[in-house]
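Novice: If it helps, the file is called model.pdb and holds PDB, C-alpha atoms:
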```
MODEL        1
ATOM      1  CA  MET A   1     -18.756 -18.299 -23.394
ATOM      2  CA  THR A   2     -17.924 -19.149 -19.802
ATOM      3  CA  ASN A   3     -19.551 -17.365 -16.877
ATOM      4  CA  LYS A   4     -16.144 -15.971 -15.941
ATOM      5  CA  SER A   5     -15.702 -14.380 -19.388
ATOM      6  CA  TYR A   6     -19.200 -12.953 -19.282
ATOM      7  CA  VAL A   7     -18.692 -11.415 -15.846
ATOM      8  CA  LYS A   8     -15.297 -10.080 -16.966
ATOM      9  CA  ILE A   9     -16.872  -8.414 -20.017
ATOM     10  CA  CYS A  10     -19.568  -6.860 -17.838
ATOM     11  CA  LEU A  11     -17.031  -5.460 -15.375
ATOM     12  CA  ILE A  12     -14.836  -4.042 -18.139
ATOM     13  CA  ALA A  13     -17.923  -2.574 -19.832
ATOM     14  CA  GLY A  14     -18.782  -0.929 -16.517
ATOM     15  CA  LEU A  15     -15.338   0.686 -16.350
ATOM     16  CA  LEU A  16     -15.704   1.842 -19.948
ATOM     17  CA  ALA A  17     -19.112   3.382 -19.313
ATOM     18  CA  LEU A  18     -17.802   5.238 -16.241
ATOM     19  CA  SER A  19     -14.809   6.560 -18.193
ATOM     20  CA  LEU A  20     -16.994   7.746 -21.075
ATOM     21  CA  GLY A  21     -19.485   9.389 -18.756
ATOM     22  CA  GLY A  22     -16.728  11.030 -16.766
ATOM     23  CA  TRP A  23     -15.077  12.377 -19.892
ATOM     24  CA  ILE A  24     -18.293  13.882 -21.240
ATOM     25  CA  LEU A  25     -19.168  15.478 -17.890
ATOM     26  CA  HIS A  26     -15.696  16.939 -17.455
ATOM     27  CA  THR A  27     -15.662  18.298 -21.013
ATOM     28  CA  ARG A  28     -18.994  19.943 -20.313
ATOM     29  CA  VAL A  29     -18.004  21.491 -17.004
ATOM     30  CA  HIS A  30     -14.248  22.072 -17.361
ATOM     31  CA  PRO A  31     -13.092  22.871 -20.893
ATOM     32  CA  VAL A  32      -9.330  22.539 -21.297
ATOM     33  CA  VAL A  33      -9.052  25.992 -22.870
ATOM     34  CA  LYS A  34     -10.235  27.579 -19.628
ATOM     35  CA  ASN A  35      -7.612  25.973 -17.382
ATOM     36  CA  PRO A  36      -4.603  23.790 -18.268
ATOM     37  CA  ALA A  37      -5.341  21.626 -15.190
ATOM     38  CA  ASN A  38      -8.473  20.450 -17.023
ATOM     39  CA  VAL A  39      -6.256  18.294 -19.207
ATOM     40  CA  ILE A  40      -5.981  15.820 -16.307
ATOM     41  CA  PRO A  41      -9.506  14.392 -16.776
ATOM     42  CA  VAL A  42      -8.895  14.242 -20.535
ATOM     43  CA  ILE A  43      -5.756  12.136 -20.110
ATOM     44  CA  SER A  44      -7.458   9.971 -17.484
ATOM     45  CA  ALA A  45     -10.440   9.446 -19.790
ATOM     46  CA  LEU A  46      -8.235   8.502 -22.755
ATOM     47  CA  PHE A  47      -6.475   5.878 -20.645
ATOM     48  CA  GLY A  48      -9.785   4.722 -19.178
ATOM     49  CA  ILE A  49     -11.448   4.317 -22.551
ATOM     50  CA  PHE A  50      -8.686   3.150 -24.886
ATOM     51  CA  ALA A  51      -5.960   1.534 -22.777
ATOM     52  CA  ILE A  52      -7.125   0.181 -19.449
ATOM     53  CA  PRO A  53     -10.125  -1.901 -20.623
ATOM     54  CA  ALA A  54      -7.958  -3.612 -23.244
ATOM     55  CA  MET A  55      -5.169  -4.133 -20.744
ATOM     56  CA  PHE A  56      -7.581  -5.793 -18.301
ATOM     57  CA  TRP A  57      -8.580  -8.239 -20.999
ATOM     58  CA  PHE A  58      -5.137  -9.840 -21.379
ATOM     59  CA  ARG A  59      -3.380 -11.587 -18.469
ATOM     60  CA  ARG A  60       0.020 -10.214 -19.452
ATOM     61  CA  THR A  61      -1.147  -6.618 -19.065
ATOM     62  CA  PHE A  62      -3.684  -7.252 -16.326
ATOM     63  CA  HIS A  63      -1.604  -6.113 -13.355
ATOM     64  CA  ALA A  64      -0.532  -2.966 -15.181
ATOM     65  CA  ALA A  65      -4.216  -2.254 -15.879
ATOM     66  CA  TYR A  66      -5.092  -2.894 -12.243
ATOM     67  CA  ILE A  67      -2.446  -0.484 -10.975
ATOM     68  CA  LEU A  68      -3.144   2.196 -13.594
ATOM     69  CA  ASN A  69      -6.890   1.971 -12.961
ATOM     70  CA  GLY A  70      -6.418   2.490  -9.251
ATOM     71  CA  MET A  71      -3.852   5.234  -9.699
ATOM     72  CA  PHE A  72      -6.220   7.195 -11.927
ATOM     73  CA  VAL A  73      -8.909   6.786  -9.260
ATOM     74  CA  ILE A  74      -6.483   8.216  -6.712
ATOM     75  CA  LEU A  75      -5.457  11.034  -9.056
ATOM     76  CA  GLY A  76      -9.061  11.973  -9.803
ATOM     77  CA  SER A  77     -10.109  11.777  -6.166
ATOM     78  CA  ILE A  78      -7.251  14.005  -5.034
ATOM     79  CA  THR A  79      -7.697  16.622  -7.760
ATOM     80  CA  MET A  80     -11.462  16.741  -7.254
ATOM     81  CA  ALA A  81     -10.983  17.067  -3.496
ATOM     82  CA  HIS A  82      -8.498  19.866  -4.209
ATOM     83  CA  PHE A  83     -11.150  21.570  -6.327
ATOM     84  CA  SER A  84     -13.648  21.465  -3.478
ATOM     85  CA  TYR A  85     -10.996  22.704  -1.070
ATOM     86  CA  VAL A  86     -10.345  25.715  -3.290
ATOM     87  CA  HIS A  87     -14.054  26.292  -3.969
ATOM     88  CA  PRO A  88     -15.740  25.417  -0.665
ATOM     89  CA  PRO A  89     -19.507  25.728  -0.305
ATOM     90  CA  THR A  90     -20.895  28.500   1.888
ATOM     91  CA  PRO A  91     -21.902  28.058   4.595
ATOM     92  CA  LEU A  92     -19.591  25.167   5.519
ATOM     93  CA  SER A  93     -22.351  22.972   6.942
ATOM     94  CA  ALA A  94     -22.472  19.183   7.021
ATOM     95  CA  TYR A  95     -25.289  19.271   4.496
ATOM     96  CA  ASN A  96     -23.290  21.457   2.102
ATOM     97  CA  LEU A  97     -20.173  19.340   2.509
ATOM     98  CA  ILE A  98     -22.163  16.346   1.290
ATOM     99  CA  MET A  99     -24.396  18.009  -1.266
ATOM    100  CA  LYS A 100     -22.352  20.910  -2.646
ATOM    101  CA  THR A 101     -18.821  19.533  -2.976
ATOM    102  CA  THR A 102     -17.200  17.017  -5.312
ATOM    103  CA  LEU A 103     -17.820  14.233  -2.758
ATOM    104  CA  PRO A 104     -20.461  12.476  -4.895
ATOM    105  CA  ASP A 105     -18.215  12.720  -7.954
ATOM    106  CA  ILE A 106     -15.354  11.174  -5.990
ATOM    107  CA  LEU A 107     -17.611   8.371  -4.749
ATOM    108  CA  ILE A 108     -18.657   7.593  -8.320
ATOM    109  CA  LEU A 109     -15.002   7.456  -9.349
ATOM    110  CA  VAL A 110     -14.082   5.206  -6.408
ATOM    111  CA  SER A 111     -16.491   2.585  -7.772
ATOM    112  CA  LYS A 112     -13.876   2.008 -10.504
ATOM    113  CA  LEU A 113     -11.357   0.934  -7.883
ATOM    114  CA  PHE A 114     -13.716  -1.745  -6.574
ATOM    115  CA  THR A 115     -14.570  -2.835 -10.115
ATOM    116  CA  GLY A 116     -10.857  -3.322 -10.768
ATOM    117  CA  MET A 117     -10.569  -5.343  -7.561
ATOM    118  CA  ALA A 118     -13.503  -7.508  -8.632
ATOM    119  CA  LEU A 119     -11.785  -8.091 -11.975
ATOM    120  CA  LEU A 120      -8.622  -9.178 -10.175
ATOM    121  CA  ARG A 121     -10.454 -11.596  -7.874
ATOM    122  CA  LEU A 122     -12.238 -13.040 -10.886
ATOM    123  CA  GLU A 123      -9.063 -13.447 -12.904
ATOM    124  CA  PHE A 124      -6.623 -14.804 -10.344
ATOM    125  CA  PHE A 125      -8.664 -16.463  -7.613
ATOM    126  CA  PRO A 126     -10.741 -19.542  -8.407
ATOM    127  CA  SER A 127     -14.276 -19.315  -7.081
ATOM    128  CA  GLY A 128     -14.434 -20.166  -3.419
ATOM    129  CA  ALA A 129     -10.819 -19.240  -2.701
ATOM    130  CA  ALA A 130     -10.296 -17.475   0.600
ATOM    131  CA  THR A 131      -8.782 -14.004   0.721
ATOM    132  CA  THR A 132      -5.023 -13.851   1.146
ATOM    133  CA  GLY A 133      -5.131 -12.382   4.650
ATOM    134  CA  LYS A 134      -2.298 -10.000   3.792
ATOM    135  CA  ILE A 135      -2.964  -6.561   5.203
ATOM    136  CA  GLY A 136      -1.554  -3.627   3.288
ATOM    137  CA  ARG A 137      -0.002  -5.817   0.608
ATOM    138  CA  TYR A 138      -0.700  -5.697  -3.112
ATOM    139  CA  PRO A 139      -3.414  -6.124  -4.341
ATOM    140  CA  THR A 140      -5.529  -5.476  -1.232
ATOM    141  CA  LEU A 141      -7.582  -2.404  -0.344
ATOM    142  CA  GLY A 142      -5.037  -1.680   2.391
ATOM    143  CA  TRP A 143      -2.351  -1.351  -0.285
ATOM    144  CA  TRP A 144      -4.535   1.160  -2.127
ATOM    145  CA  THR A 145      -5.240   3.024   1.127
ATOM    146  CA  VAL A 146      -1.580   3.550   1.971
ATOM    147  CA  HIS A 147      -0.805   4.602  -1.584
ATOM    148  CA  ALA A 148      -3.763   7.005  -1.693
ATOM    149  CA  ALA A 149      -2.712   8.527   1.633
ATOM    150  CA  GLY A 150       0.899   8.834   0.532
ATOM    151  CA  ILE A 151       0.060  10.385  -2.822
ATOM    152  CA  ALA A 152      -2.423  12.779  -1.203
ATOM    153  CA  LEU A 153       0.223  13.843   1.291
ATOM    154  CA  VAL A 154       2.859  14.451  -1.379
ATOM    155  CA  TYR A 155       0.364  16.345  -3.549
ATOM    156  CA  ALA A 156      -0.743  18.476  -0.587
ATOM    157  CA  LEU A 157       2.891  19.237   0.280
ATOM    158  CA  GLY A 158       3.504  20.269  -3.311
ATOM    159  CA  ALA A 159       0.507  22.586  -3.210
ATOM    160  CA  ALA A 160       1.373  24.019   0.197
ATOM    161  CA  ILE A 161       5.169  24.339   0.047
ATOM    162  CA  TRP A 162       5.971  24.964  -3.593
ATOM    163  CA  ARG A 163       4.023  28.108  -4.415
TER     164      ARG A 163
ATOM    165  CA  MET B   1       6.850  -7.566  -1.660
ATOM    166  CA  ASN B   2       8.015  -5.800   1.481
ATOM    167  CA  ALA B   3       9.688  -2.400   1.618
ATOM    168  CA  ILE B   4      13.249  -3.777   1.663
ATOM    169  CA  LYS B   5      12.669  -6.037  -1.319
ATOM    170  CA  LEU B   6      10.940  -3.127  -3.023
ATOM    171  CA  PHE B   7      13.984  -0.966  -2.762
ATOM    172  CA  LYS B   8      16.456  -3.715  -3.589
ATOM    173  CA  SER B   9      14.547  -4.722  -6.708
ATOM    174  CA  GLY B  10      14.619  -1.356  -8.384
ATOM    175  CA  TRP B  11      11.015  -0.313  -7.776
ATOM    176  CA  TRP B  12      12.372   2.565  -5.690
ATOM    177  CA  ILE B  13      13.074   4.392  -8.958
ATOM    178  CA  LEU B  14       9.380   4.361  -9.839
ATOM    179  CA  HIS B  15       8.471   5.520  -6.346
ATOM    180  CA  VAL B  16      10.947   8.417  -6.431
ATOM    181  CA  ALA B  17       9.625   9.422  -9.864
ATOM    182  CA  ALA B  18       6.037   9.173  -8.627
ATOM    183  CA  VAL B  19       6.763  11.265  -5.524
ATOM    184  CA  ALA B  20       8.451  13.895  -7.695
ATOM    185  CA  PHE B  21       5.550  13.854 -10.152
ATOM    186  CA  PHE B  22       2.804  14.223  -7.559
ATOM    187  CA  PHE B  23       4.762  16.871  -5.663
ATOM    188  CA  TRP B  24       5.065  18.830  -8.903
ATOM    189  CA  LEU B  25       1.384  18.221  -9.696
ATOM    190  CA  GLY B  26       0.340  19.702  -6.360
ATOM    191  CA  HIS B  27       2.327  22.786  -7.261
ATOM    192  CA  ALA B  28       1.199  22.966 -10.884
ATOM    193  CA  VAL B  29      -2.551  22.410 -10.571
ATOM    194  CA  ARG B  30      -4.334  25.710 -10.131
ATOM    195  CA  MET B  31      -8.070  25.437  -9.566
TER     196      MET B  31
ENDMDL
END
```
Rewrite the structure of this file - the entire thing - as structure tokens.
Specialist:
Amino acid sequence: MTNKSYVKICLIAGLLALSLGGWILHTRVHPVVKNPANVIPVISALFGIFAIPAMFWFRRTFHAAYILNGMFVILGSITMAHFSYVHPPTPLSAYNLIMKTTLPDILILVSKLFTGMALLRLEFFPSGAATTGKIGRYPTLGWWTVHAAGIALVYALGAAIWR
Amino acid sequence: MNAIKLFKSGWWILHVAAVAFFFWLGHAVRM
């Protein structure tokens, strides 16, 4: 097995472990029967366990996996942030904002975005290749940033305007 | 791909669908 294949397997295994852990935690804390919105982590977990790892493995489906992976990170981050917004800690201190919100959960989820980016670099850039230098273009972090901001804005507008 | 190419190539359909979906999701999700 080449080093590249080994590293690829490790990264995909990391994504799989995060998806499994996330699914179990969400099932424990947010059963679907209690709130229909709790189906979102179930769908995300099913993609993250059964579809996305396999899609990362094959070059033909790699880019779809990369985009889906990141989009589920954005979806999870936004919905978890929404949860904390609706259930804020009291008092609203800096300590509580760090320790008593979904911030750590979001940070754990965001690791999947960087794992996906590592997979892409491994797959499409030979070792030693410089970065593309494109700011805000696919598949850079800037591209993810603008999409995360845009999706968050649209979601927030939906929550605020359409009651 | 820049924004103009994006919209000429047909990807605008996906973006419109995504905007509609996330707008609806913001409305539908009740915490």
Novice: Apply the PyMOL selection byres ((chain A) within 12 of (chain B)) to the structure shown and report the selected residues as a VMD selection string.
Specialist: chain A and resid 30 34 to 40 71 74 to 75 78 to 88 134 to 139 143 147 to 148 150 to 163
Novice: Interatomic distance between CA of Ala45 (chain A) and CA of Trp23 (chain A)?
Specialist: 5.5 Å
Novice: One decimal, Å: what's the distance from CA of Leu109 (chain A) over to CA of Pro41 (chain A), could you say?
Specialist: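 CA of Pro41 (chain A) lies at a distance of 11.6 Å from CA of Leu109 (chain A).
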Novice: How many Å separate CA of Ile49 (chain A) from CA of Trp144 (chain A)?
Specialist: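 Computing the Euclidean distance for CA of Ile49 (chain A) and CA of Trp144 (chain A) yields 21.8 Å.
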Novice: With only C-alpha atoms as the basis for distance, which of A:Pro91, A:Pro104, A:Gly116, A:Gly22 is at the shortest distance from Ala64 (chain A)?
Specialist: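 That would be A:Gly116, the residue with the smallest distance to Ala64 (chain A).
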Novice: What lies within 10 Å of Ser5 (chain A) using only C-alpha atoms, ignoring chain neighbours under 3 positions off, as an MDAnalysis selection string?
Specialist: chainID A and resid 1:2 8:11 57 122:123
Novice: Residues of the last selection are to be written out with C-alpha atoms, as a PDB file, in the frame of the given file.
Specialist:
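Contents of part.pdb, freshly written:
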```
ATOM      1  CA  MET A   1     -18.756 -18.299 -23.394  1.00  0.00           C
ATOM      2  CA  THR A   2     -17.924 -19.149 -19.802  1.00  0.00           C
ATOM      3  CA  LYS A   8     -15.297 -10.080 -16.966  1.00  0.00           C
ATOM      4  CA  ILE A   9     -16.872  -8.414 -20.017  1.00  0.00           C
ATOM      5  CA  CYS A  10     -19.568  -6.860 -17.838  1.00  0.00           C
ATOM      6  CA  LEU A  11     -17.031  -5.460 -15.375  1.00  0.00           C
ATOM      7  CA  TRP A  57      -8.580  -8.239 -20.999  1.00  0.00           C
ATOM      8  CA  LEU A 122     -12.238 -13.040 -10.886  1.00  0.00           C
ATOM      9  CA  GLU A 123      -9.063 -13.447 -12.904  1.00  0.00           C
TER      10      GLU A 123
END
```
Novice: To test your reading of the syntax: which residues would the PyMOL selection byres ((chain A and resi 15) around 12) return for the file shown? Reply as a PyMOL selection string.
Specialist: chain A and resi 8-14+16-22+45+47-54+56+65-66+69-70+73+108-119
Novice: Around all the atoms of region 12-18 of chain B listed in the file, with 5 Å of room on each side, what axis-aligned box do you get, giving centre and edge lengths in Å to one decimal, as lines of an AutoDock Vina configuration file?
Specialist:
```
center_x = 9.6
center_y = 6.0
center_z = -7.8
size_x = 17.0
size_y = 16.9
size_z = 14.2
```
Novice: Reconstruct N, CA, C and O atoms of region 6-31 of chain B; output as a PDB file, in the coordinates of the input.
Specialist:
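Output file out-v6.pdb is given in full below:
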```
ATOM      1  N   LEU B   6      11.362  -4.164  -2.086  1.00  0.00           N
ATOM      2  CA  LEU B   6      10.940  -3.127  -3.023  1.00  0.00           C
ATOM      3  C   LEU B   6      12.120  -2.283  -3.444  1.00  0.00           C
ATOM      4  O   LEU B   6      12.343  -2.010  -4.619  1.00  0.00           O
ATOM      5  N   PHE B   7      12.884  -1.865  -2.444  1.00  0.00           N
ATOM      6  CA  PHE B   7      13.984  -0.966  -2.762  1.00  0.00           C
ATOM      7  C   PHE B   7      15.206  -1.695  -3.316  1.00  0.00           C
ATOM      8  O   PHE B   7      15.999  -1.109  -4.037  1.00  0.00           O
ATOM      9  N   LYS B   8      15.332  -2.966  -3.010  1.00  0.00           N
ATOM     10  CA  LYS B   8      16.456  -3.715  -3.589  1.00  0.00           C
ATOM     11  C   LYS B   8      16.178  -4.072  -5.045  1.00  0.00           C
ATOM     12  O   LYS B   8      17.086  -4.198  -5.849  1.00  0.00           O
ATOM     13  N   SER B   9      14.897  -4.230  -5.377  1.00  0.00           N
ATOM     14  CA  SER B   9      14.547  -4.722  -6.708  1.00  0.00           C
ATOM     15  C   SER B   9      14.554  -3.648  -7.778  1.00  0.00           C
ATOM     16  O   SER B   9      14.446  -3.956  -8.945  1.00  0.00           O
ATOM     17  N   GLY B  10      14.620  -2.395  -7.368  1.00  0.00           N
ATOM     18  CA  GLY B  10      14.619  -1.356  -8.384  1.00  0.00           C
ATOM     19  C   GLY B  10      13.318  -0.574  -8.457  1.00  0.00           C
ATOM     20  O   GLY B  10      13.245   0.446  -9.140  1.00  0.00           O
ATOM     21  N   TRP B  11      12.292  -1.032  -7.749  1.00  0.00           N
ATOM     22  CA  TRP B  11      11.015  -0.313  -7.776  1.00  0.00           C
ATOM     23  C   TRP B  11      11.126   1.062  -7.096  1.00  0.00           C
ATOM     24  O   TRP B  11      10.257   1.908  -7.262  1.00  0.00           O
ATOM     25  N   TRP B  12      12.198   1.271  -6.356  1.00  0.00           N
ATOM     26  CA  TRP B  12      12.372   2.565  -5.690  1.00  0.00           C
ATOM     27  C   TRP B  12      12.451   3.694  -6.719  1.00  0.00           C
ATOM     28  O   TRP B  12      12.041   4.816  -6.440  1.00  0.00           O
ATOM     29  N   ILE B  13      12.956   3.370  -7.909  1.00  0.00           N
ATOM     30  CA  ILE B  13      13.074   4.392  -8.958  1.00  0.00           C
ATOM     31  C   ILE B  13      11.686   4.915  -9.318  1.00  0.00           C
ATOM     32  O   ILE B  13      11.462   6.125  -9.399  1.00  0.00           O
ATOM     33  N   LEU B  14      10.755   3.975  -9.501  1.00  0.00           N
ATOM     34  CA  LEU B  14       9.380   4.361  -9.839  1.00  0.00           C
ATOM     35  C   LEU B  14       8.768   5.205  -8.721  1.00  0.00           C
ATOM     36  O   LEU B  14       8.084   6.188  -8.972  1.00  0.00           O
ATOM     37  N   HIS B  15       9.042   4.800  -7.479  1.00  0.00           N
ATOM     38  CA  HIS B  15       8.471   5.520  -6.346  1.00  0.00           C
ATOM     39  C   HIS B  15       9.035   6.935  -6.239  1.00  0.00           C
ATOM     40  O   HIS B  15       8.300   7.878  -5.953  1.00  0.00           O
ATOM     41  N   VAL B  16      10.334   7.085  -6.464  1.00  0.00           N
ATOM     42  CA  VAL B  16      10.947   8.417  -6.431  1.00  0.00           C
ATOM     43  C   VAL B  16      10.346   9.282  -7.550  1.00  0.00           C
ATOM     44  O   VAL B  16       9.985  10.439  -7.329  1.00  0.00           O
ATOM     45  N   ALA B  17      10.218   8.686  -8.730  1.00  0.00           N
ATOM     46  CA  ALA B  17       9.625   9.422  -9.864  1.00  0.00           C
ATOM     47  C   ALA B  17       8.181   9.809  -9.555  1.00  0.00           C
ATOM     48  O   ALA B  17       7.751  10.924  -9.855  1.00  0.00           O
ATOM     49  N   ALA B  18       7.437   8.901  -8.957  1.00  0.00           N
ATOM     50  CA  ALA B  18       6.037   9.173  -8.627  1.00  0.00           C
ATOM     51  C   ALA B  18       5.924  10.279  -7.579  1.00  0.00           C
ATOM     52  O   ALA B  18       5.076  11.163  -7.689  1.00  0.00           O
ATOM     53  N   VAL B  19       6.777  10.218  -6.556  1.00  0.00           N
ATOM     54  CA  VAL B  19       6.763  11.265  -5.524  1.00  0.00           C
ATOM     55  C   VAL B  19       7.072  12.615  -6.168  1.00  0.00           C
ATOM     56  O   VAL B  19       6.389  13.608  -5.903  1.00  0.00           O
ATOM     57  N   ALA B  20       8.086  12.643  -7.019  1.00  0.00           N
ATOM     58  CA  ALA B  20       8.451  13.895  -7.695  1.00  0.00           C
ATOM     59  C   ALA B  20       7.301  14.391  -8.546  1.00  0.00           C
ATOM     60  O   ALA B  20       6.965  15.581  -8.528  1.00  0.00           O
ATOM     61  N   PHE B  21       6.665  13.478  -9.287  1.00  0.00           N
ATOM     62  CA  PHE B  21       5.550  13.854 -10.152  1.00  0.00           C
ATOM     63  C   PHE B  21       4.385  14.430  -9.354  1.00  0.00           C
ATOM     64  O   PHE B  21       3.852  15.498  -9.692  1.00  0.00           O
ATOM     65  N   PHE B  22       3.972  13.749  -8.309  1.00  0.00           N
ATOM     66  CA  PHE B  22       2.804  14.223  -7.559  1.00  0.00           C
ATOM     67  C   PHE B  22       3.107  15.490  -6.762  1.00  0.00           C
ATOM     68  O   PHE B  22       2.230  16.323  -6.561  1.00  0.00           O
ATOM     69  N   PHE B  23       4.348  15.639  -6.336  1.00  0.00           N
ATOM     70  CA  PHE B  23       4.762  16.871  -5.663  1.00  0.00           C
ATOM     71  C   PHE B  23       4.652  18.035  -6.659  1.00  0.00           C
ATOM     72  O   PHE B  23       4.095  19.098  -6.344  1.00  0.00           O
ATOM     73  N   TRP B  24       5.160  17.815  -7.854  1.00  0.00           N
ATOM     74  CA  TRP B  24       5.065  18.830  -8.903  1.00  0.00           C
ATOM     75  C   TRP B  24       3.610  19.118  -9.261  1.00  0.00           C
ATOM     76  O   TRP B  24       3.212  20.269  -9.448  1.00  0.00           O
ATOM     77  N   LEU B  25       2.797  18.064  -9.335  1.00  0.00           N
ATOM     78  CA  LEU B  25       1.384  18.221  -9.696  1.00  0.00           C
ATOM     79  C   LEU B  25       0.643  19.091  -8.678  1.00  0.00           C
ATOM     80  O   LEU B  25      -0.170  19.936  -9.041  1.00  0.00           O
ATOM     81  N   GLY B  26       0.954  18.879  -7.408  1.00  0.00           N
ATOM     82  CA  GLY B  26       0.340  19.702  -6.360  1.00  0.00           C
ATOM     83  C   GLY B  26       0.665  21.167  -6.543  1.00  0.00           C
ATOM     84  O   GLY B  26      -0.164  22.045  -6.320  1.00  0.00           O
ATOM     85  N   HIS B  27       1.901  21.406  -6.996  1.00  0.00           N
ATOM     86  CA  HIS B  27       2.327  22.786  -7.261  1.00  0.00           C
ATOM     87  C   HIS B  27       1.662  23.327  -8.528  1.00  0.00           C
ATOM     88  O   HIS B  27       1.216  24.473  -8.569  1.00  0.00           O
ATOM     89  N   ALA B  28       1.600  22.484  -9.559  1.00  0.00           N
ATOM     90  CA  ALA B  28       1.199  22.966 -10.884  1.00  0.00           C
ATOM     91  C   ALA B  28      -0.311  23.163 -11.039  1.00  0.00           C
ATOM     92  O   ALA B  28      -0.742  24.049 -11.769  1.00  0.00           O
ATOM     93  N   VAL B  29      -1.104  22.344 -10.373  1.00  0.00           N
ATOM     94  CA  VAL B  29      -2.551  22.410 -10.571  1.00  0.00           C
ATOM     95  C   VAL B  29      -3.122  23.641  -9.873  1.00  0.00           C
ATOM     96  O   VAL B  29      -2.993  23.806  -8.670  1.00  0.00           O
ATOM     97  N   ARG B  30      -3.718  24.492 -10.659  1.00  0.00           N
ATOM     98  CA  ARG B  30      -4.334  25.710 -10.131  1.00  0.00           C
ATOM     99  C   ARG B  30      -5.830  25.617 -10.429  1.00  0.00           C
ATOM    100  O   ARG B  30      -6.219  25.521 -11.577  1.00  0.00           O
ATOM    101  N   MET B  31      -6.627  25.605  -9.373  1.00  0.00           N
ATOM    102  CA  MET B  31      -8.070  25.437  -9.566  1.00  0.00           C
ATOM    103  C   MET B  31      -8.738  26.806  -9.679  1.00  0.00           C
ATOM    104  O   MET B  31      -8.649  27.600  -8.786  1.00  0.00           O
TER     105      MET B  31
END
```
